[in-house]
Amino acid sequence: MPTELPSLRHHRPFQAFWLSRTLTAAAFQILAVATAWQMYSLTGSALDLGLVGLLEFAPRILFLLQIGQVADRYDRRLIAATTKAAQALAALLLCALTLHGGLSRELLFGLAFWLGTARAFEMPAMQALLPNVVPPALLPAAIAASASAMQAATIVAPAAGGLLFAADPAATYALSGLCMALGCALMFVIKKPPRSERQSVKGWENLLAGLHYIRARRDLLGAISLDLFAVLLGGATALLPVFASDILRTGPWGLGLLRSAPAVGAIGMSIVLAYYPLRRRVGQLMFAAVILFGLATIVFGLSSSLWLSLLALVILGAADMISMVVRGALVQLETPDDMRGRVSAINGLFIGASNQLGEFESGLTAHWFGPQAAVVLGGLGTLVVAVLWIRWFPGLYQRQTLSSLPESQGKT
């Protein structure tokens, strides 16, 4: 366990940051379970589930240049609070529409775009804010603690959301809105970050600086793009309502368990990595994890047993955590503070593409070939990507450490 971690327990601003991020993650997972089940109940269309992911991803493209610039020029704490408030408003609107029977396919699409816009601005602001909350010596431990908390929320929240939705859909949205609102309020416990001249610089080149920074660093580009294409092809999250309803024959509670399963594997792996940090052969370990991710995806696609499906998703989540740790360390530890907002925006675009755009890809291929064939093809695609990236980014494959910083500063 990192020696710095106990100090975080007495660091009040980090506690507020940690709790805010955990509540927001839990609220989003509850919201995702409820809206996915409700959309599939309304339309019975796997393609519509994919379109929800596409609409959540679209703002990352539409506002790409603004997202990172906003995080570097303005109060990151205020940006995070505003975006959490926007998500709380969407959840409460869903609650009201459910109570009055006014929820429709089109409204769900519109709210998906609204939530996607809020999350597009929230993610780089929160990532760039963390180094302003804790001193540099505590940053690696803070990244690990924050990631573990988010995974814990992802375990509990989907299962709880699925059970609650089966009993009272409106209450599910109300709970999500309450968690978002509390996350918003906690942002104001954190001291306002200092403003510097660098945050006032404008210009097209400055807006594109994050992209130029990543392109100039092959290992960083390789790690981010590997995660993009591996999860883009291998992601099956959008199809979980189809598997829960039509293949595994469960209800909303089963969907909640399926959404929680990857997080169980992820938090288990995060605990392992806390005791046994990635110090050597990190490139080879990351590629091995991506290959395992693809294999687990194939098993999930072929399974007709709930328990085998859950096991495959647990393994999938554990493998994905290794990739997440490598990517997160590269982005956070090798990017200067004045660039973190813009680099995090590019990273957020890649993550959004792998998740939300991957949901659209899954929905589209499921519409063409059926859900099981779509997932199996995606898993095979992940294996192909891993092989190609080993050839195209040999330096990343041979990379030995997570950071170019001294080991005492780079532990996760």
# chains A, B, ... in the order shown; residues from 1 in each chain; ligands from 1
>>> closest_atom_pairs(of="range 50-158 of chain A", to="range 164-179 of chain A", cutoff="7 Å", atoms="only C-alpha atoms", output="JSON lines")
{"residue": "A:Ala88", "atom": "CA", "partner": "A:Gly177", "partner_atom": "CA", "distance": 4.2}
{"residue": "A:Leu89", "atom": "CA", "partner": "A:Gly177", "partner_atom": "CA", "distance": 6.8}
{"residue": "A:Ala91", "atom": "CA", "partner": "A:Gly177", "partner_atom": "CA", "distance": 4.9}
{"residue": "A:Leu92", "atom": "CA", "partner": "A:Gly177", "partner_atom": "CA", "distance": 5.5}
{"residue": "A:Leu94", "atom": "CA", "partner": "A:Tyr173", "partner_atom": "CA", "distance": 6.3}
{"residue": "A:Cys95", "atom": "CA", "partner": "A:Ala170", "partner_atom": "CA", "distance": 4.7}
{"residue": "A:Thr98", "atom": "CA", "partner": "A:Ala170", "partner_atom": "CA", "distance": 5.7}
{"residue": "A:Leu99", "atom": "CA", "partner": "A:Ala170", "partner_atom": "CA", "distance": 6.1}
>>> residues_around(residues="Ser303 in chain A", least_positions_apart="4", cutoff="12 Å", atoms="only C-alpha atoms", output="ChimeraX atom specification")
/A:243-244,247-248,296-299,307-313,371-373,375-376
>>> residues_around(residues="Gly294 in chain A", least_positions_apart="5", cutoff="7 Å", atoms="only C-alpha atoms", output="list in words")
Gly234, Gly379, Leu380, Thr382 and Leu383 of chain A
>>> write_last_selection(atoms="N, CA and C atoms", output="PDB file, in the first residue's frame")
ATOM      1  N   GLY A 234     -14.615  -3.798 -28.454  1.00  0.00           N
ATOM      2  CA  GLY A 234     -14.965  -4.854 -27.511  1.00  0.00           C
ATOM      3  C   GLY A 234     -16.021  -4.481 -26.492  1.00  0.00           C
ATOM      4  N   GLY A 379     -15.016  -8.657 -29.668  1.00  0.00           N
ATOM      5  CA  GLY A 379     -13.892  -9.250 -28.943  1.00  0.00           C
ATOM      6  C   GLY A 379     -12.769  -9.659 -29.874  1.00  0.00           C
ATOM      7  N   LEU A 380     -13.117 -10.249 -31.022  1.00  0.00           N
ATOM      8  CA  LEU A 380     -12.107 -10.600 -32.015  1.00  0.00           C
ATOM      9  C   LEU A 380     -11.400  -9.353 -32.541  1.00  0.00           C
ATOM     10  N   THR A 382     -10.842  -6.629 -30.891  1.00  0.00           N
ATOM     11  CA  THR A 382      -9.914  -6.195 -29.841  1.00  0.00           C
ATOM     12  C   THR A 382      -8.596  -6.953 -29.939  1.00  0.00           C
ATOM     13  N   LEU A 383      -8.658  -8.243 -30.191  1.00  0.00           N
ATOM     14  CA  LEU A 383      -7.437  -9.043 -30.324  1.00  0.00           C
ATOM     15  C   LEU A 383      -6.611  -8.574 -31.518  1.00  0.00           C
TER      16      LEU A 383
END
>>> residues_around(residues="Tyr397 in chain A", least_positions_apart="3", cutoff="12 Å", atoms="only C-alpha atoms", output="number ranges by chain")
A: 218-220, 222-223, 226, 280-288, 290, 326, 386-394, 400-402
>>> select_by_dssp(residues="range 206-399 of chain A", states="alpha helix (DSSP H)", output="CSV table (one decimal) with C-alpha atoms, in the first residue's frame")
chain,number,residue,atom,x,y,z
A,206,ASN,CA,-3.3,27.1,-27.9
A,207,LEU,CA,-6.6,25.3,-28.3
A,209,ALA,CA,-1.9,22.3,-27.9
A,210,GLY,CA,-3.3,19.3,-26.1
A,211,LEU,CA,-3.5,17.3,-29.4
A,212,HIS,CA,0.0,18.4,-30.4
A,213,TYR,CA,1.4,17.4,-27.0
A,214,ILE,CA,0.0,13.9,-27.2
A,215,ARG,CA,1.1,13.4,-30.9
A,218,ARG,CA,4.4,8.1,-29.0
A,219,ASP,CA,3.9,6.1,-25.8
A,220,LEU,CA,1.1,8.4,-24.7
A,221,LEU,CA,-0.5,8.4,-28.1
A,222,GLY,CA,-0.2,4.6,-28.3
A,223,ALA,CA,-1.7,4.0,-24.8
A,224,ILE,CA,-4.6,6.3,-25.3
A,225,SER,CA,-5.4,5.1,-28.9
A,226,LEU,CA,-5.0,1.4,-27.8
A,227,ASP,CA,-7.7,1.9,-25.2
A,228,LEU,CA,-9.9,3.7,-27.7
A,229,PHE,CA,-10.0,1.0,-30.3
A,230,ALA,CA,-9.9,-2.0,-27.9
A,231,VAL,CA,-12.9,-0.8,-25.9
A,232,LEU,CA,-14.6,0.7,-29.0
A,233,LEU,CA,-14.7,-2.7,-30.6
A,234,GLY,CA,-15.0,-4.9,-27.5
A,240,LEU,CA,-26.5,-5.4,-21.5
A,241,PRO,CA,-30.3,-4.7,-21.5
A,242,VAL,CA,-30.7,-7.0,-24.5
A,252,PRO,CA,-33.7,-4.9,-14.1
A,253,TRP,CA,-32.0,-6.6,-11.1
A,254,GLY,CA,-30.1,-8.8,-13.5
A,255,LEU,CA,-29.1,-5.8,-15.6
A,256,GLY,CA,-27.8,-4.1,-12.4
A,257,LEU,CA,-25.7,-7.1,-11.6
A,258,LEU,CA,-24.3,-7.2,-15.2
A,259,ARG,CA,-23.4,-3.5,-15.0
A,260,SER,CA,-21.7,-4.0,-11.6
A,261,ALA,CA,-19.7,-7.1,-12.6
A,262,PRO,CA,-16.9,-5.2,-14.5
A,263,ALA,CA,-16.4,-2.9,-11.6
A,264,VAL,CA,-16.0,-5.9,-9.2
A,265,GLY,CA,-13.1,-7.0,-11.3
A,266,ALA,CA,-11.7,-3.5,-11.6
A,267,ILE,CA,-11.7,-2.8,-7.9
A,268,GLY,CA,-10.2,-6.2,-7.2
A,269,MET,CA,-7.4,-5.4,-9.6
A,270,SER,CA,-7.0,-1.9,-8.1
A,271,ILE,CA,-6.4,-3.5,-4.7
A,272,VAL,CA,-3.8,-5.9,-6.2
A,273,LEU,CA,-2.1,-3.0,-7.9
A,274,ALA,CA,-2.0,-1.0,-4.6
A,275,TYR,CA,0.0,-3.8,-3.0
A,282,VAL,CA,4.3,-2.2,-17.9
A,283,GLY,CA,4.0,-2.2,-21.7
A,284,GLN,CA,3.8,-6.0,-22.0
A,285,LEU,CA,1.4,-6.2,-19.0
A,286,MET,CA,-0.9,-3.7,-20.6
A,287,PHE,CA,-1.0,-5.5,-23.9
A,288,ALA,CA,-1.6,-8.8,-22.1
A,289,ALA,CA,-4.5,-7.2,-20.3
A,290,VAL,CA,-6.0,-5.9,-23.6
A,291,ILE,CA,-5.8,-9.4,-25.0
A,292,LEU,CA,-7.5,-10.8,-21.9
A,293,PHE,CA,-10.2,-8.1,-22.3
A,294,GLY,CA,-10.9,-9.3,-25.8
A,295,LEU,CA,-11.0,-13.0,-24.8
A,296,ALA,CA,-13.4,-12.2,-21.9
A,297,THR,CA,-15.6,-10.3,-24.3
A,298,ILE,CA,-15.9,-13.3,-26.6
A,299,VAL,CA,-16.8,-15.6,-23.6
A,300,PHE,CA,-19.5,-13.1,-22.6
A,301,GLY,CA,-20.9,-13.0,-26.1
A,302,LEU,CA,-21.2,-16.8,-26.3
A,306,LEU,CA,-26.0,-15.5,-16.0
A,307,TRP,CA,-23.1,-16.7,-13.7
A,308,LEU,CA,-20.7,-17.4,-16.6
A,309,SER,CA,-21.6,-14.0,-18.1
A,310,LEU,CA,-20.9,-12.3,-14.7
A,311,LEU,CA,-17.6,-14.1,-14.4
A,312,ALA,CA,-16.6,-13.0,-17.9
A,313,LEU,CA,-17.5,-9.4,-17.1
A,314,VAL,CA,-15.5,-9.5,-13.8
A,315,ILE,CA,-12.4,-10.7,-15.7
A,316,LEU,CA,-13.0,-8.0,-18.4
A,317,GLY,CA,-13.2,-5.3,-15.7
A,318,ALA,CA,-9.9,-6.5,-14.1
A,319,ALA,CA,-8.1,-6.4,-17.4
A,320,ASP,CA,-9.4,-3.0,-18.2
A,321,MET,CA,-8.2,-1.6,-14.9
A,322,ILE,CA,-4.6,-2.4,-15.8
A,323,SER,CA,-5.0,-0.4,-19.1
A,324,MET,CA,-6.7,2.4,-17.1
A,325,VAL,CA,-3.8,2.6,-14.6
A,326,VAL,CA,-1.1,2.8,-17.3
A,327,ARG,CA,-3.1,5.5,-19.3
A,328,GLY,CA,-3.9,7.5,-16.2
A,329,ALA,CA,-0.3,7.6,-15.0
A,330,LEU,CA,1.0,8.7,-18.4
A,331,VAL,CA,-1.6,11.5,-18.7
A,332,GLN,CA,-1.3,12.8,-15.1
A,333,LEU,CA,2.4,12.3,-14.3
A,340,ARG,CA,-3.7,19.2,-18.1
A,341,GLY,CA,-7.1,20.6,-19.0
A,342,ARG,CA,-6.4,20.3,-22.8
A,343,VAL,CA,-4.6,17.0,-22.6
A,344,SER,CA,-7.4,15.6,-20.4
A,345,ALA,CA,-10.0,16.9,-22.9
A,346,ILE,CA,-8.2,14.8,-25.6
A,347,ASN,CA,-8.0,11.9,-23.3
A,348,GLY,CA,-11.7,12.4,-22.5
A,349,LEU,CA,-12.5,12.3,-26.2
A,350,PHE,CA,-10.8,9.0,-26.6
A,351,ILE,CA,-12.5,7.6,-23.5
A,352,GLY,CA,-15.8,8.8,-24.7
A,358,GLY,CA,-18.5,1.9,-28.7
A,359,GLU,CA,-22.1,1.6,-27.5
A,360,PHE,CA,-23.3,2.9,-30.8
A,361,GLU,CA,-21.0,0.5,-32.7
A,362,SER,CA,-22.4,-2.4,-30.5
A,363,GLY,CA,-26.0,-1.3,-31.1
A,364,LEU,CA,-25.5,-1.0,-34.9
A,365,THR,CA,-23.7,-4.4,-35.3
A,366,ALA,CA,-26.3,-6.0,-33.0
A,367,HIS,CA,-29.0,-4.5,-35.3
A,368,TRP,CA,-27.3,-6.1,-38.3
A,369,PHE,CA,-26.0,-9.4,-36.9
A,371,PRO,CA,-26.4,-9.2,-30.1
A,372,GLN,CA,-24.3,-12.3,-29.5
A,373,ALA,CA,-22.6,-12.2,-32.9
A,374,ALA,CA,-21.9,-8.4,-32.4
A,375,VAL,CA,-20.1,-9.0,-29.0
A,376,VAL,CA,-18.1,-11.9,-30.3
A,377,LEU,CA,-17.0,-9.9,-33.4
A,378,GLY,CA,-16.0,-7.0,-31.1
A,379,GLY,CA,-13.9,-9.2,-28.9
A,380,LEU,CA,-12.1,-10.6,-32.0
A,381,GLY,CA,-11.6,-7.0,-33.2
A,382,THR,CA,-9.9,-6.2,-29.8
A,383,LEU,CA,-7.4,-9.0,-30.3
A,384,VAL,CA,-6.6,-7.8,-33.8
A,385,VAL,CA,-6.0,-4.2,-32.5
A,386,ALA,CA,-3.7,-5.5,-29.7
A,387,VAL,CA,-1.5,-7.3,-32.3
A,388,LEU,CA,-1.4,-4.3,-34.6
A,389,TRP,CA,-0.5,-1.9,-31.8
A,390,ILE,CA,2.4,-4.1,-30.7
A,391,ARG,CA,3.8,-3.7,-34.3
A,392,TRP,CA,3.0,0.0,-34.6
A,394,PRO,CA,7.1,-1.1,-30.2
A,395,GLY,CA,8.3,1.5,-27.7
A,396,LEU,CA,5.1,1.3,-25.8
A,397,TYR,CA,5.2,-2.5,-25.8
>>> atom_distance(atom1="CA of Arg21 in chain A", atom2="CA of Pro135 in chain A")
18.6 Å
>>> atom_distance(atom1="CA of Glu56 in chain A", atom2="CA of Leu115 in chain A")
6.6 Å
>>> atom_distance(atom1="CA of Leu51 in chain A", atom2="CA of Trp114 in chain A")
13.8 Å
>>> closest_atom_pairs(of="range 101-209 of chain A", to="range 28-48 of chain A", cutoff="6 Å", atoms="only C-alpha atoms", output="CSV")
residue,atom,partner,partner_atom,distance
A:Ala157,CA,A:Ile30,CA,5.6
A:Pro158,CA,A:Ile30,CA,5.3
A:Gly161,CA,A:Ile30,CA,4.7
>>> residues_around(residues="Arg76 in chain A", least_positions_apart="4", cutoff="12 Å", atoms="only C-alpha atoms", output="NGL selection string")
:A and (17 or 67-72 or 80-83 or 121-133 or 187-188 or 190-195 or 199 or 340-341)
>>> write_last_selection(atoms="C-alpha atoms", output="PDB file, in the first residue's frame")
ATOM      1  CA  PHE A  17     -13.097  15.787  -3.929  1.00  0.00           C
ATOM      2  CA  ILE A  67     -13.639  21.716 -23.321  1.00  0.00           C
ATOM      3  CA  GLY A  68      -9.929  21.691 -22.557  1.00  0.00           C
ATOM      4  CA  GLN A  69      -9.545  25.451 -22.919  1.00  0.00           C
ATOM      5  CA  VAL A  70     -12.319  26.061 -20.404  1.00  0.00           C
ATOM      6  CA  ALA A  71     -10.647  23.702 -17.896  1.00  0.00           C
ATOM      7  CA  ASP A  72      -7.324  25.551 -18.269  1.00  0.00           C
ATOM      8  CA  ALA A  80     -17.172  20.748 -12.016  1.00  0.00           C
ATOM      9  CA  ALA A  81     -19.932  22.053  -9.730  1.00  0.00           C
ATOM     10  CA  THR A  82     -21.905  23.499 -12.646  1.00  0.00           C
ATOM     11  CA  THR A  83     -21.745  20.289 -14.672  1.00  0.00           C
ATOM     12  CA  PHE A 121     -16.914  19.424 -19.561  1.00  0.00           C
ATOM     13  CA  GLU A 122     -16.862  17.718 -16.153  1.00  0.00           C
ATOM     14  CA  MET A 123     -14.229  15.071 -16.830  1.00  0.00           C
ATOM     15  CA  PRO A 124     -11.205  17.243 -17.806  1.00  0.00           C
ATOM     16  CA  ALA A 125     -12.077  19.788 -15.121  1.00  0.00           C
ATOM     17  CA  MET A 126     -12.092  17.085 -12.423  1.00  0.00           C
ATOM     18  CA  GLN A 127      -8.919  15.445 -13.731  1.00  0.00           C
ATOM     19  CA  ALA A 128      -7.076  18.748 -13.936  1.00  0.00           C
ATOM     20  CA  LEU A 129      -8.404  19.858 -10.533  1.00  0.00           C
ATOM     21  CA  LEU A 130      -6.937  16.947  -8.568  1.00  0.00           C
ATOM     22  CA  PRO A 131      -3.303  18.162  -8.804  1.00  0.00           C
ATOM     23  CA  ASN A 132      -4.559  21.518  -7.449  1.00  0.00           C
ATOM     24  CA  VAL A 133      -6.196  19.768  -4.477  1.00  0.00           C
ATOM     25  CA  MET A 187     -17.054  21.137  -4.722  1.00  0.00           C
ATOM     26  CA  PHE A 188     -17.347  24.333  -2.694  1.00  0.00           C
ATOM     27  CA  ILE A 190     -12.385  22.852  -2.015  1.00  0.00           C
ATOM     28  CA  LYS A 191     -10.387  26.059  -2.106  1.00  0.00           C
ATOM     29  CA  LYS A 192     -10.513  27.981  -5.377  1.00  0.00           C
ATOM     30  CA  PRO A 193      -7.461  27.040  -7.502  1.00  0.00           C
ATOM     31  CA  PRO A 194      -4.976  29.844  -8.172  1.00  0.00           C
ATOM     32  CA  ARG A 195      -5.348  31.664 -11.477  1.00  0.00           C
ATOM     33  CA  GLN A 199      -4.958  30.438 -18.281  1.00  0.00           C
ATOM     34  CA  ARG A 340      -3.662  19.181 -18.069  1.00  0.00           C
ATOM     35  CA  GLY A 341      -7.052  20.572 -19.030  1.00  0.00           C
TER      36      GLY A 341
END
>>> closest_residue(among="A:Ala160, A:Arg399, A:Asp338, A:Leu54", to="Arg73 in chain A", atoms="only C-alpha atoms")
A:Asp338
